[in-house]
$ cat input-v3.cif   # mmCIF, C-alpha atoms and all ligand atoms
data_work
#
loop_
_atom_site.label_atom_id
_atom_site.label_comp_id
_atom_site.auth_asym_id
_atom_site.auth_seq_id
_atom_site.Cartn_x
_atom_site.Cartn_y
_atom_site.Cartn_z
CA MET P 1 4.05 12.43 32.54
CA ILE P 2 3.43 9.28 34.56
CA PRO P 3 2.93 6.25 32.27
CA ARG P 4 -0.29 4.33 32.84
CA THR P 5 0.10 0.70 33.86
CA VAL P 6 -3.52 -0.48 33.98
CA PHE P 7 -3.76 -1.40 30.32
CA ASN P 8 -1.81 -3.93 28.27
CA ALA P 9 -1.14 -4.02 24.51
CA GLU P 10 -4.42 -5.84 23.80
CA HIS P 11 -6.35 -3.20 25.72
CA GLU P 12 -4.66 -0.48 23.68
CA GLN P 13 -5.42 -2.27 20.41
CA PHE P 14 -9.05 -2.43 21.50
CA ARG P 15 -8.91 1.29 22.31
CA ASP P 16 -7.82 2.08 18.73
CA THR P 17 -10.79 0.14 17.37
CA VAL P 18 -13.23 1.85 19.74
CA ARG P 19 -11.80 5.28 18.96
CA LYS P 20 -12.01 4.81 15.19
CA PHE P 21 -15.55 3.49 15.48
CA LEU P 22 -16.68 6.45 17.59
CA GLU P 23 -14.94 8.97 15.33
CA ASN P 24 -16.69 7.54 12.27
CA GLU P 25 -20.03 6.29 13.56
CA ALA P 26 -20.89 8.66 16.40
CA ALA P 27 -18.97 11.97 16.43
CA PRO P 28 -20.26 13.25 13.05
CA PHE P 29 -23.89 12.64 14.09
CA HIS P 30 -23.82 13.69 17.73
CA ALA P 31 -24.97 17.28 17.15
CA GLN P 32 -28.06 15.97 15.36
CA TRP P 33 -28.70 13.43 18.13
CA GLU P 34 -28.59 16.31 20.61
CA LYS P 35 -31.42 17.91 18.66
CA ASP P 36 -33.27 14.58 18.56
CA GLY P 37 -32.78 14.06 22.31
CA GLN P 38 -31.38 10.58 21.77
CA VAL P 39 -28.81 8.67 19.77
CA ASP P 40 -29.82 6.64 16.75
CA ARG P 41 -30.85 3.19 17.94
CA ALA P 42 -28.77 1.68 15.11
CA LEU P 43 -25.65 2.80 16.98
CA TRP P 44 -26.46 0.26 19.69
CA ASN P 45 -26.72 -2.55 17.15
CA LYS P 46 -23.48 -1.51 15.44
CA ALA P 47 -21.75 -1.42 18.83
CA GLY P 48 -23.11 -4.90 19.51
CA GLU P 49 -21.64 -6.20 16.27
CA MET P 50 -18.27 -4.69 17.22
CA GLY P 51 -18.27 -6.34 20.66
CA PHE P 52 -18.47 -3.02 22.51
CA LEU P 53 -21.50 -3.88 24.64
CA CYS P 54 -21.10 -5.79 27.92
CA PRO P 55 -17.53 -7.02 27.30
CA GLN P 56 -17.42 -8.66 30.74
CA VAL P 57 -20.26 -11.14 30.13
CA PRO P 58 -19.03 -14.76 30.38
CA GLU P 59 -18.45 -16.73 27.18
CA ALA P 60 -21.10 -19.24 28.29
CA TYR P 61 -23.72 -16.57 27.52
CA GLY P 62 -22.17 -15.35 24.28
CA GLY P 63 -19.93 -12.69 25.84
CA LEU P 64 -16.23 -11.97 25.44
CA GLU P 65 -15.55 -12.48 29.18
CA LEU P 66 -13.05 -9.62 29.24
CA ASP P 67 -11.85 -7.70 32.28
CA PHE P 68 -13.28 -4.35 33.41
CA GLY P 69 -10.39 -2.56 31.65
CA TYR P 70 -12.29 -2.98 28.38
CA ASN P 71 -15.36 -1.27 29.84
CA ALA P 72 -13.06 1.49 31.11
CA ILE P 73 -11.56 1.99 27.65
CA ILE P 74 -15.01 2.36 26.08
CA ASP P 75 -16.02 4.85 28.82
CA GLU P 76 -12.78 6.80 28.37
CA GLU P 77 -13.09 7.06 24.60
CA ILE P 78 -16.72 8.18 24.77
CA CYS P 79 -15.87 10.85 27.35
CA ARG P 80 -12.68 11.92 25.58
CA LEU P 81 -14.76 12.73 22.50
CA GLY P 82 -17.54 14.30 24.58
CA LEU P 83 -20.13 11.87 23.17
CA SER P 84 -22.34 12.22 26.20
CA GLY P 85 -25.44 10.85 24.50
CA ILE P 86 -24.14 7.29 24.40
CA GLY P 87 -25.62 5.29 27.26
CA TRP P 88 -23.52 2.15 26.89
CA GLY P 89 -21.87 2.69 30.28
CA LEU P 90 -25.21 2.49 32.05
CA HIS P 91 -26.00 -0.69 30.10
CA SER P 92 -22.63 -2.50 30.22
CA ASP P 93 -21.11 -1.33 33.51
CA ILE P 94 -24.22 -0.89 35.62
CA ALA P 95 -27.43 -2.66 34.56
CA VAL P 96 -26.28 -5.85 32.83
CA PRO P 97 -23.87 -6.84 35.66
CA TYR P 98 -26.94 -7.25 37.90
CA ILE P 99 -28.21 -9.97 35.55
CA VAL P 100 -24.76 -11.60 35.41
CA ASN P 101 -24.30 -11.49 39.19
CA TYR P 102 -27.80 -12.18 40.52
CA GLY P 103 -29.80 -13.60 37.60
CA THR P 104 -31.06 -17.18 37.40
CA GLU P 105 -29.72 -19.44 34.64
CA GLU P 106 -33.00 -18.91 32.74
CA GLN P 107 -32.75 -15.11 33.02
CA LYS P 108 -29.15 -15.17 31.79
CA GLN P 109 -30.06 -17.39 28.84
CA LYS P 110 -33.06 -15.24 28.04
CA TYR P 111 -31.48 -11.79 28.17
CA LEU P 112 -27.68 -11.67 28.04
CA ALA P 113 -27.06 -12.51 24.37
CA LYS P 114 -29.55 -9.83 23.34
CA CYS P 115 -27.92 -7.29 25.67
CA ILE P 116 -24.58 -8.03 24.01
CA SER P 117 -25.96 -7.64 20.49
CA GLY P 118 -27.78 -4.40 21.26
CA GLU P 119 -31.16 -5.98 20.56
CA ILE P 120 -32.01 -5.27 24.19
CA VAL P 121 -31.14 -1.90 25.74
CA THR P 122 -31.30 -1.89 29.53
CA ALA P 123 -31.98 0.74 32.16
CA ILE P 124 -32.04 0.74 35.94
CA ALA P 125 -34.86 2.55 37.67
CA MET P 126 -34.12 3.53 41.25
CA THR P 127 -35.01 7.22 41.49
CA GLU P 128 -38.61 8.36 41.95
CA PRO P 129 -40.18 11.80 41.84
CA GLY P 130 -40.29 11.80 45.65
CA THR P 131 -37.01 10.05 46.49
CA GLY P 132 -33.52 9.80 45.05
CA SER P 133 -30.79 9.73 47.67
CA ASP P 134 -32.99 7.97 50.21
CA LEU P 135 -33.42 4.74 48.25
CA GLN P 136 -34.83 2.77 51.19
CA ASN P 137 -37.94 4.89 50.92
CA VAL P 138 -38.94 4.11 47.35
CA ARG P 139 -42.71 4.00 47.00
CA THR P 140 -43.03 1.84 43.91
CA THR P 141 -44.55 -1.46 45.01
CA ALA P 142 -44.41 -4.98 43.58
CA ILE P 143 -46.98 -7.06 45.40
CA ARG P 144 -47.07 -10.80 44.87
CA ASP P 145 -50.28 -12.10 43.31
CA GLY P 146 -50.09 -15.79 42.39
CA ASP P 147 -47.41 -16.26 39.71
CA HIS P 148 -46.91 -12.52 39.25
CA TYR P 149 -45.83 -9.35 40.99
CA VAL P 150 -48.18 -6.43 40.43
CA LEU P 151 -46.05 -3.34 39.90
CA ASN P 152 -47.35 0.17 40.65
CA GLY P 153 -45.56 3.49 40.91
CA SER P 154 -43.34 5.78 38.92
CA LYS P 155 -39.66 6.50 38.36
CA THR P 156 -37.87 9.54 37.02
CA PHE P 157 -34.54 10.64 35.51
CA ILE P 158 -33.99 7.16 34.05
CA THR P 159 -31.05 6.96 31.66
CA ASN P 160 -31.81 5.05 28.43
CA GLY P 161 -35.44 5.56 29.41
CA GLN P 162 -36.69 5.93 25.83
CA HIS P 163 -34.57 3.20 24.23
CA ALA P 164 -34.93 0.73 27.10
CA ASP P 165 -36.43 -2.68 26.36
CA LEU P 166 -35.67 -4.14 29.76
CA VAL P 167 -35.66 -2.18 33.01
CA ILE P 168 -34.33 -3.28 36.38
CA VAL P 169 -36.94 -1.75 38.67
CA VAL P 170 -36.25 -1.12 42.35
CA ALA P 171 -39.54 -1.73 44.17
CA LYS P 172 -40.89 -2.64 47.57
CA THR P 173 -42.14 -6.22 47.69
CA ASN P 174 -42.82 -5.55 51.37
CA PRO P 175 -43.88 -1.90 51.76
CA GLU P 176 -43.94 -2.26 55.57
CA GLU P 177 -40.17 -2.64 55.66
CA GLY P 178 -37.31 -0.26 54.82
CA ALA P 179 -34.21 -1.61 53.11
CA GLY P 180 -35.33 -5.19 53.82
CA GLY P 181 -38.48 -4.69 51.76
CA VAL P 182 -36.62 -3.68 48.58
CA SER P 183 -36.41 -6.11 45.65
CA LEU P 184 -35.24 -5.87 42.04
CA LEU P 185 -37.44 -6.91 39.13
CA LEU P 186 -36.55 -7.39 35.49
CA VAL P 187 -39.38 -5.61 33.74
CA ASP P 188 -40.05 -5.99 30.04
CA ALA P 189 -40.92 -2.52 28.73
CA SER P 190 -43.60 -3.96 26.44
CA LEU P 191 -45.74 -5.29 29.30
CA PRO P 192 -49.26 -3.83 29.54
CA GLY P 193 -49.40 -0.94 32.03
CA PHE P 194 -45.73 0.06 31.50
CA LYS P 195 -45.59 3.58 30.09
CA LYS P 196 -42.60 5.70 29.15
CA GLY P 197 -42.97 9.42 29.83
CA THR P 198 -41.58 12.13 27.64
CA ASN P 199 -37.88 12.45 27.04
CA LEU P 200 -36.79 14.96 29.70
CA GLU P 201 -35.18 18.21 28.58
CA LYS P 202 -31.83 18.57 30.35
CA VAL P 203 -29.16 21.24 30.81
CA GLY P 204 -26.55 18.94 29.26
CA MET P 205 -26.18 15.37 27.99
CA LYS P 206 -28.76 16.39 25.44
CA ALA P 207 -28.38 13.33 23.23
CA GLN P 208 -28.95 10.97 26.14
CA ASP P 209 -32.53 9.85 26.60
CA THR P 210 -33.62 10.39 30.20
CA SER P 211 -37.21 9.64 31.09
CA GLU P 212 -39.96 9.17 33.57
CA LEU P 213 -41.42 5.66 33.69
CA PHE P 214 -44.90 4.78 34.91
CA PHE P 215 -46.20 1.42 36.14
CA ASP P 216 -49.93 0.91 36.35
CA ASP P 217 -50.80 -2.61 37.54
CA VAL P 218 -47.98 -4.11 35.47
CA ARG P 219 -48.12 -7.89 35.93
CA VAL P 220 -44.49 -9.01 36.08
CA PRO P 221 -43.99 -12.81 35.99
CA ALA P 222 -42.61 -14.00 39.34
CA GLU P 223 -39.67 -15.64 37.56
CA ASP P 224 -38.49 -12.14 36.61
CA LEU P 225 -37.63 -11.31 40.22
CA LEU P 226 -33.88 -10.64 40.14
CA GLY P 227 -32.15 -12.49 42.98
CA GLY P 228 -33.87 -12.99 46.31
CA GLU P 229 -36.96 -11.17 47.52
CA GLY P 230 -35.97 -8.39 49.95
CA GLN P 231 -32.32 -8.56 48.86
CA GLY P 232 -32.47 -5.64 46.42
CA PHE P 233 -30.87 -3.06 48.69
CA ILE P 234 -27.90 -5.33 49.39
CA TYR P 235 -27.41 -5.92 45.65
CA LEU P 236 -27.51 -2.16 45.02
CA MET P 237 -24.82 -1.57 47.64
CA GLN P 238 -22.67 -4.32 46.12
CA GLU P 239 -22.92 -3.01 42.56
CA LEU P 240 -22.61 0.73 43.20
CA PRO P 241 -18.77 0.75 43.48
CA GLN P 242 -18.43 -0.29 39.81
CA GLU P 243 -20.98 2.37 38.82
CA ARG P 244 -19.09 5.03 40.78
CA LEU P 245 -15.71 3.95 39.46
CA GLY P 246 -17.13 4.15 35.92
CA VAL P 247 -18.27 7.72 36.55
CA ALA P 248 -14.83 8.63 37.94
CA ILE P 249 -13.06 7.07 34.95
CA GLY P 250 -15.22 9.06 32.54
CA ALA P 251 -14.67 12.25 34.53
CA ILE P 252 -10.89 12.02 34.36
CA ALA P 253 -10.84 11.06 30.67
CA ASN P 254 -13.05 14.03 29.84
CA ALA P 255 -10.93 16.35 32.01
CA GLU P 256 -7.77 15.23 30.19
CA ALA P 257 -9.36 15.92 26.82
CA ALA P 258 -10.68 19.30 27.97
CA LEU P 259 -7.26 20.34 29.23
CA GLN P 260 -5.76 19.47 25.85
CA TRP P 261 -8.48 21.41 23.97
CA THR P 262 -7.64 24.38 26.19
CA VAL P 263 -3.88 24.11 25.70
CA ASP P 264 -4.49 24.10 21.93
CA TYR P 265 -6.85 27.07 22.19
CA VAL P 266 -4.64 29.33 24.31
CA ARG P 267 -1.76 28.80 21.90
CA GLU P 268 -3.88 30.07 19.00
CA ARG P 269 -5.95 32.81 20.59
CA LYS P 270 -4.35 36.23 20.80
CA ALA P 271 -5.09 39.18 23.11
CA PHE P 272 -3.11 42.38 23.43
CA GLY P 273 -1.03 41.26 20.47
CA ARG P 274 0.18 37.96 21.89
CA PRO P 275 -1.09 34.44 22.49
CA ILE P 276 -3.09 34.16 25.70
CA ALA P 277 -0.79 31.20 26.49
CA SER P 278 1.95 33.74 27.15
CA PHE P 279 0.12 35.27 30.13
CA GLN P 280 1.34 34.02 33.46
CA ASN P 281 -2.25 33.59 34.68
CA THR P 282 -2.93 31.17 31.81
CA GLN P 283 0.22 29.18 32.51
CA PHE P 284 -0.43 29.05 36.26
CA LYS P 285 -4.04 27.94 35.79
CA LEU P 286 -3.03 25.21 33.36
CA ALA P 287 -0.16 24.12 35.61
CA GLU P 288 -2.44 23.82 38.65
CA LEU P 289 -5.07 21.87 36.72
CA SER P 290 -2.51 19.58 35.12
CA SER P 291 -0.89 18.82 38.48
CA GLU P 292 -4.16 17.88 40.16
CA LEU P 293 -5.19 15.90 37.12
CA THR P 294 -1.98 13.86 37.21
CA ALA P 295 -2.53 12.99 40.86
CA LEU P 296 -6.14 12.00 40.22
CA ARG P 297 -5.25 9.92 37.17
CA VAL P 298 -2.85 7.86 39.30
CA PHE P 299 -5.47 7.46 42.05
CA ILE P 300 -8.25 6.42 39.67
CA ASP P 301 -5.96 3.96 37.87
CA ARG P 302 -5.06 2.44 41.23
CA CYS P 303 -8.78 2.11 42.01
CA MET P 304 -9.17 0.36 38.67
CA GLU P 305 -6.41 -2.10 39.58
CA LEU P 306 -8.11 -2.78 42.90
CA HIS P 307 -11.39 -3.33 41.08
CA TYR P 308 -9.74 -5.88 38.75
CA GLU P 309 -8.76 -7.75 41.93
CA LYS P 310 -12.28 -7.29 43.39
CA LYS P 311 -10.74 -5.29 46.24
CA LEU P 312 -12.26 -1.86 45.63
CA ASP P 313 -14.26 -1.11 48.77
CA ILE P 314 -17.39 1.04 48.90
CA SER P 315 -15.70 3.96 50.66
CA THR P 316 -12.75 4.14 48.24
CA ALA P 317 -15.12 4.00 45.26
CA ALA P 318 -17.05 6.88 46.85
CA LYS P 319 -13.80 8.85 47.22
CA ALA P 320 -12.98 8.22 43.56
CA LYS P 321 -16.40 9.46 42.43
CA LEU P 322 -16.33 12.48 44.74
CA LEU P 323 -12.82 13.66 43.87
CA ALA P 324 -12.95 12.94 40.14
CA THR P 325 -16.30 14.60 39.47
CA ASP P 326 -15.65 17.64 41.69
CA PHE P 327 -12.36 18.11 39.90
CA GLN P 328 -13.87 17.57 36.44
CA CYS P 329 -16.36 20.37 37.07
CA LYS P 330 -13.65 22.66 38.47
CA LEU P 331 -11.36 22.03 35.51
CA LEU P 332 -14.11 22.57 32.95
CA ASP P 333 -15.11 25.83 34.57
CA GLU P 334 -11.52 27.11 34.48
CA CYS P 335 -11.13 25.94 30.88
CA VAL P 336 -14.35 27.68 29.81
CA GLN P 337 -12.90 30.83 31.37
CA LEU P 338 -9.70 30.49 29.36
CA HIS P 339 -11.79 30.14 26.19
CA GLY P 340 -13.51 33.47 26.91
CA GLY P 341 -16.85 33.96 25.12
CA TYR P 342 -16.20 31.05 22.77
CA GLY P 343 -16.18 28.79 25.82
CA TYR P 344 -19.87 29.57 26.27
CA MET P 345 -20.82 28.68 22.69
CA TRP P 346 -22.47 25.29 22.22
CA GLU P 347 -20.44 24.56 19.08
CA TYR P 348 -17.29 24.41 21.22
CA PRO P 349 -16.70 21.02 22.87
CA ILE P 350 -15.56 22.77 26.04
CA ALA P 351 -19.00 24.39 26.42
CA ARG P 352 -20.82 21.10 25.89
CA SER P 353 -18.57 19.24 28.32
CA TRP P 354 -19.07 21.97 30.92
CA ALA P 355 -22.84 21.51 30.66
CA ASP P 356 -22.62 17.72 30.44
CA ALA P 357 -20.36 17.39 33.48
CA ARG P 358 -22.57 19.12 36.02
CA VAL P 359 -24.71 16.06 36.58
CA GLN P 360 -21.69 13.91 37.40
CA ARG P 361 -21.82 15.34 40.93
CA ILE P 362 -25.51 14.44 41.20
CA TYR P 363 -26.12 10.97 39.77
CA ALA P 364 -24.70 7.62 40.89
CA GLY P 365 -25.26 8.99 44.40
CA THR P 366 -24.75 12.72 44.97
CA ASN P 367 -21.35 13.90 46.12
CA GLU P 368 -22.88 14.70 49.51
CA ILE P 369 -23.95 11.05 49.78
CA MET P 370 -20.35 10.09 48.88
CA LYS P 371 -19.18 12.16 51.85
CA LEU P 372 -21.73 10.43 54.09
CA ILE P 373 -20.39 7.03 53.02
CA ILE P 374 -16.77 8.06 53.57
CA GLY P 375 -17.56 9.74 56.90
CA ARG P 376 -19.49 6.73 58.19
CA ASP P 377 -16.63 4.45 57.24
CA LEU P 378 -14.14 6.65 59.10
CA LEU P 379 -16.28 6.77 62.22
CA LYS P 380 -17.44 3.15 62.36
CA ASP P 381 -16.53 1.14 65.48
C1 LIG P 401 -29.15 13.00 33.79
C2 LIG P 401 -29.54 12.11 34.93
C3 LIG P 401 -29.50 10.74 34.76
C4 LIG P 401 -29.90 9.90 35.80
N1 LIG P 401 -29.96 8.54 35.59
C5 LIG P 401 -30.54 7.75 36.52
C6 LIG P 401 -30.79 6.37 36.26
O1 LIG P 401 -30.46 5.84 35.20
N2 LIG P 401 -31.42 5.64 37.22
C7 LIG P 401 -31.81 6.18 38.40
O2 LIG P 401 -32.39 5.47 39.21
N3 LIG P 401 -31.59 7.49 38.69
C8 LIG P 401 -30.97 8.28 37.77
N4 LIG P 401 -30.76 9.61 38.04
C9 LIG P 401 -31.20 10.15 39.31
C10 LIG P 401 -30.06 10.49 40.26
O3 LIG P 401 -29.40 9.33 40.68
C11 LIG P 401 -30.66 11.29 41.42
O4 LIG P 401 -31.04 12.55 40.90
C12 LIG P 401 -29.72 11.44 42.59
O5 LIG P 401 -29.51 10.21 43.23
C13 LIG P 401 -30.23 12.46 43.62
O6 LIG P 401 -31.54 12.20 43.97
P1 LIG P 401 -32.62 13.40 43.95
O7 LIG P 401 -32.56 14.02 42.61
O8 LIG P 401 -33.91 12.86 44.42
O9 LIG P 401 -32.06 14.44 44.99
P2 LIG P 401 -32.34 14.45 46.57
O10 LIG P 401 -32.10 13.12 47.14
O11 LIG P 401 -33.65 15.10 46.80
O12 LIG P 401 -31.18 15.43 47.06
C14 LIG P 401 -31.27 16.85 46.95
C15 LIG P 401 -30.04 17.45 47.64
O13 LIG P 401 -30.03 17.06 49.02
C16 LIG P 401 -28.80 16.43 49.33
N5 LIG P 401 -29.01 15.38 50.33
C17 LIG P 401 -29.92 14.38 50.30
N6 LIG P 401 -29.78 13.61 51.38
C18 LIG P 401 -28.76 14.12 52.11
C19 LIG P 401 -28.13 13.77 53.34
N7 LIG P 401 -28.53 12.71 54.04
N8 LIG P 401 -27.11 14.54 53.78
C20 LIG P 401 -26.69 15.60 53.08
N9 LIG P 401 -27.25 15.99 51.92
C21 LIG P 401 -28.26 15.26 51.44
C22 LIG P 401 -28.31 15.85 48.02
O14 LIG P 401 -26.92 15.62 48.04
C23 LIG P 401 -28.72 16.94 47.05
O15 LIG P 401 -27.76 17.95 47.06
C24 LIG P 401 -30.31 10.45 37.03
C25 LIG P 401 -30.31 11.84 37.21
C26 LIG P 401 -29.96 12.66 36.18
C27 LIG P 401 -30.04 14.15 36.38
#

$ encode --input "input-v3.cif" --output "structure tokens"
Amino acid sequence: MIPRTVFNAEHEQFRDTVRKFLENEAAPFHAQWEKDGQVDRALWNKAGEMGFLCPQVPEAYGGLELDFGYNAIIDEEICRLGLSGIGWGLHSDIAVPYIVNYGTEEQKQKYLAKCISGEIVTAIAMTEPGTGSDLQNVRTTAIRDGDHYVLNGSKTFITNGQHADLVIVVAKTNPEEGAGGVSLLLVDASLPGFKKGTNLEKVGMKAQDTSELFFDDVRVPAEDLLGGEGQGFIYLMQELPQERLGVAIGAIANAEAALQWTVDYVRERKAFGRPIASFQNTQFKLAELSSELTALRVFIDRCMELHYEKKLDISTAAKAKLLATDFQCKLLDECVQLHGGYGYMWEYPIARSWADARVQRIYAGTNEIMKLIIGRDLLKD
């Protein structure tokens, strides 16, 4: 085993608190939340009280101003327990950093404290029914009209879509332009003309609310433009490495847990009068998975260190997301196989993780888009 060096004693103390909280406040209820299609909103408020939401936010806005390692610990513990319904990662690692990094002083004062307490749940709405990977071609428009932008269009597959109170909407303020016409708007979900669609029925991540959103002449105050007009695409490119690293961190934590569940299972389960752990095929499979997992753990931890130092480049973050999520899916598939028929039963965590993990290769930029980014970087002049 290679000891991890990315976390210090304070991080590990925090991990214990997060783990206990999740074991008591989330794990016993997750099966019900899967049936409900969303977690209990009270979980967000409890997490806020515990300081688990947006740990990076500066003290000046009521935050703990901690390093990204604390976000990583929360992501790891959620994924280790297979609590895929909890959308804190989207809120703390992805959406809220846009407000911290590009928001005006007024926007930060208005929103951040409530994001930390769980009073406000955020979402980020990029994907549309007609475009996902090709973000420059979003068709949602936000056209300036006096002191407002008039927002029209629709989004789909939006995480936290049912719970969201505040949505960062990617829209064209200049529909004539490509990337240069894209802006970000902070949109209050209670504004007239903003409608949430039904909670989408998914193959996995069943307790996570994922929704369509519709905008019909929503008048968004001009002061809720996030950053500069036409700068949205640049902001997205700047923020995506943290999103992709977060996905990779969760993938590896979940893979580690799944491997352990499988080691425990093959020791217990017998076939032909002996534990299936005694078959060479079982040992070889586990050995191969464990070896790759060790290598990936070291790589992802190194990416985390680089991210602490603000040195994680876009291409390396894409490699982390690509390798970690491809491997997570491969490992889970092999582990389901080693569980036999029980591996296909929803009551087994391995089955749920297998279903939950599939989307990891699709969202936060598909793994094909990751390859495009890496390839372009290799071939640039
Ligand atoms: C559970 C879930 C949660 C999500 N959460 C969010 C969210 O919170 N916010 C949000 O905005 N979006 C979210 N998404 C959307 C997600 O980011 C998109 O589904 C993803 O970016 C892919 O877009 P698409 O579905 O339109 O696929 P498409 O872009 O239509 O791609 C279809 C296929 O074509 C491939 N492809 C596309 N372009 C190329 C190319 N140039 N070269 C090679 N192959 C290519 C893709 O890799 C893919 O295999 C979520 C999706 C899911 C399923």

$ residues_near_ligand --input "input-v3.cif" --ligand "ligand LIG 401 (chain P)" --cutoff "7 Å" --atoms "all atoms listed in the file" --output "PyMOL selection string"
chain P and resi 90+123-134+156-160+205+210+359+362-369+372

$ residues_around --input "input-v3.cif" --residues "range 213-227 of chain P" --least-positions-apart "2" --cutoff "10 Å" --atoms "all atoms listed in the file" --output "number ranges by chain"
P: 98-99, 101-104, 106-107, 125, 128, 140-158, 161-162, 167-169, 183-189, 191-198, 210-211, 229-232, 235

$ atom_distance --input "input-v3.cif" --atom1 "CA of Arg244 in chain P" --atom2 "CA of Gln109 in chain P"
27.7 Å

$ residues_near_point --input "input-v3.cif" --point "(0.9, 8.6, 34.1)" --cutoff "12 Å" --atoms "only C-alpha atoms" --output "list in words"
Met1, Ile2, Pro3, Arg4, Thr5, Val6, Phe7, Glu256, Ser290, Ser291, Leu293, Thr294, Ala295, Leu296, Arg297, Val298, Phe299, Ile300, Asp301 and Arg302 of chain P

$ write_last_selection --input "input-v3.cif" --atoms "C-alpha atoms" --output "PDB file, in the frame of the given file"
ATOM      1  CA  MET P   1       4.050  12.430  32.540  1.00  0.00           C
ATOM      2  CA  ILE P   2       3.430   9.280  34.560  1.00  0.00           C
ATOM      3  CA  PRO P   3       2.930   6.250  32.270  1.00  0.00           C
ATOM      4  CA  ARG P   4      -0.290   4.330  32.840  1.00  0.00           C
ATOM      5  CA  THR P   5       0.100   0.700  33.860  1.00  0.00           C
ATOM      6  CA  VAL P   6      -3.520  -0.480  33.980  1.00  0.00           C
ATOM      7  CA  PHE P   7      -3.760  -1.400  30.320  1.00  0.00           C
ATOM      8  CA  GLU P 256      -7.770  15.230  30.190  1.00  0.00           C
ATOM      9  CA  SER P 290      -2.510  19.580  35.120  1.00  0.00           C
ATOM     10  CA  SER P 291      -0.890  18.820  38.480  1.00  0.00           C
ATOM     11  CA  LEU P 293      -5.190  15.900  37.120  1.00  0.00           C
ATOM     12  CA  THR P 294      -1.980  13.860  37.210  1.00  0.00           C
ATOM     13  CA  ALA P 295      -2.530  12.990  40.860  1.00  0.00           C
ATOM     14  CA  LEU P 296      -6.140  12.000  40.220  1.00  0.00           C
ATOM     15  CA  ARG P 297      -5.250   9.920  37.170  1.00  0.00           C
ATOM     16  CA  VAL P 298      -2.850   7.860  39.300  1.00  0.00           C
ATOM     17  CA  PHE P 299      -5.470   7.460  42.050  1.00  0.00           C
ATOM     18  CA  ILE P 300      -8.250   6.420  39.670  1.00  0.00           C
ATOM     19  CA  ASP P 301      -5.960   3.960  37.870  1.00  0.00           C
ATOM     20  CA  ARG P 302      -5.060   2.440  41.230  1.00  0.00           C
TER      21      ARG P 302
END

$ closest_residue --input "input-v3.cif" --among "P:Pro275, P:Gly180, P:Lys285, P:Leu245" --to "Leu323 in chain P" --atoms "only C-alpha atoms"
P:Leu245

$ atom_distance --input "input-v3.cif" --atom1 "CA of Leu43 in chain P" --atom2 "CA of Val170 in chain P"
27.8 Å

$ axis_aligned_box --input "input-v3.cif" --around "range 192-211 of chain P" --padding-each-side "4 Å" --output "AutoDock Vina command-line options"
--center_x -37.8 --center_y 8.7 --center_z 27.6 --size_x 31.2 --size_y 33.1 --size_z 16.8

$ build_atoms --input "input-v3.cif" --residues "range 332-340 of chain P" --atoms "N, CA, C and O atoms" --output "short mmCIF file (atom, residue, chain, number, x, y, z; two decimals), in the coordinates of the input"
data_model
loop_
_atom_site.label_atom_id
_atom_site.label_comp_id
_atom_site.auth_asym_id
_atom_site.auth_seq_id
_atom_site.Cartn_x
_atom_site.Cartn_y
_atom_site.Cartn_z
N LEU P 332 -13.34 22.09 34.10
CA LEU P 332 -14.11 22.57 32.95
C LEU P 332 -14.46 24.04 33.12
O LEU P 332 -14.43 24.81 32.16
N ASP P 333 -14.77 24.43 34.34
CA ASP P 333 -15.11 25.83 34.57
C ASP P 333 -13.91 26.73 34.28
O ASP P 333 -14.04 27.77 33.62
N GLU P 334 -12.74 26.33 34.74
CA GLU P 334 -11.52 27.11 34.48
C GLU P 334 -11.21 27.14 32.98
O GLU P 334 -10.77 28.16 32.44
N CYS P 335 -11.44 26.02 32.32
CA CYS P 335 -11.13 25.94 30.88
C CYS P 335 -12.11 26.77 30.06
O CYS P 335 -11.72 27.39 29.07
N VAL P 336 -13.38 26.79 30.48
CA VAL P 336 -14.35 27.68 29.81
C VAL P 336 -13.85 29.12 29.94
O VAL P 336 -13.83 29.89 28.97
N GLN P 337 -13.39 29.47 31.13
CA GLN P 337 -12.90 30.83 31.37
C GLN P 337 -11.75 31.18 30.42
O GLN P 337 -11.71 32.26 29.85
N LEU P 338 -10.84 30.23 30.24
CA LEU P 338 -9.70 30.49 29.36
C LEU P 338 -10.11 30.57 27.89
O LEU P 338 -9.38 31.12 27.07
N HIS P 339 -11.27 30.03 27.56
CA HIS P 339 -11.79 30.14 26.19
C HIS P 339 -12.53 31.47 25.98
O HIS P 339 -12.95 31.76 24.85
N GLY P 340 -12.75 32.23 27.05
CA GLY P 340 -13.51 33.47 26.91
C GLY P 340 -14.92 33.18 26.40
O GLY P 340 -15.49 32.12 26.70
#
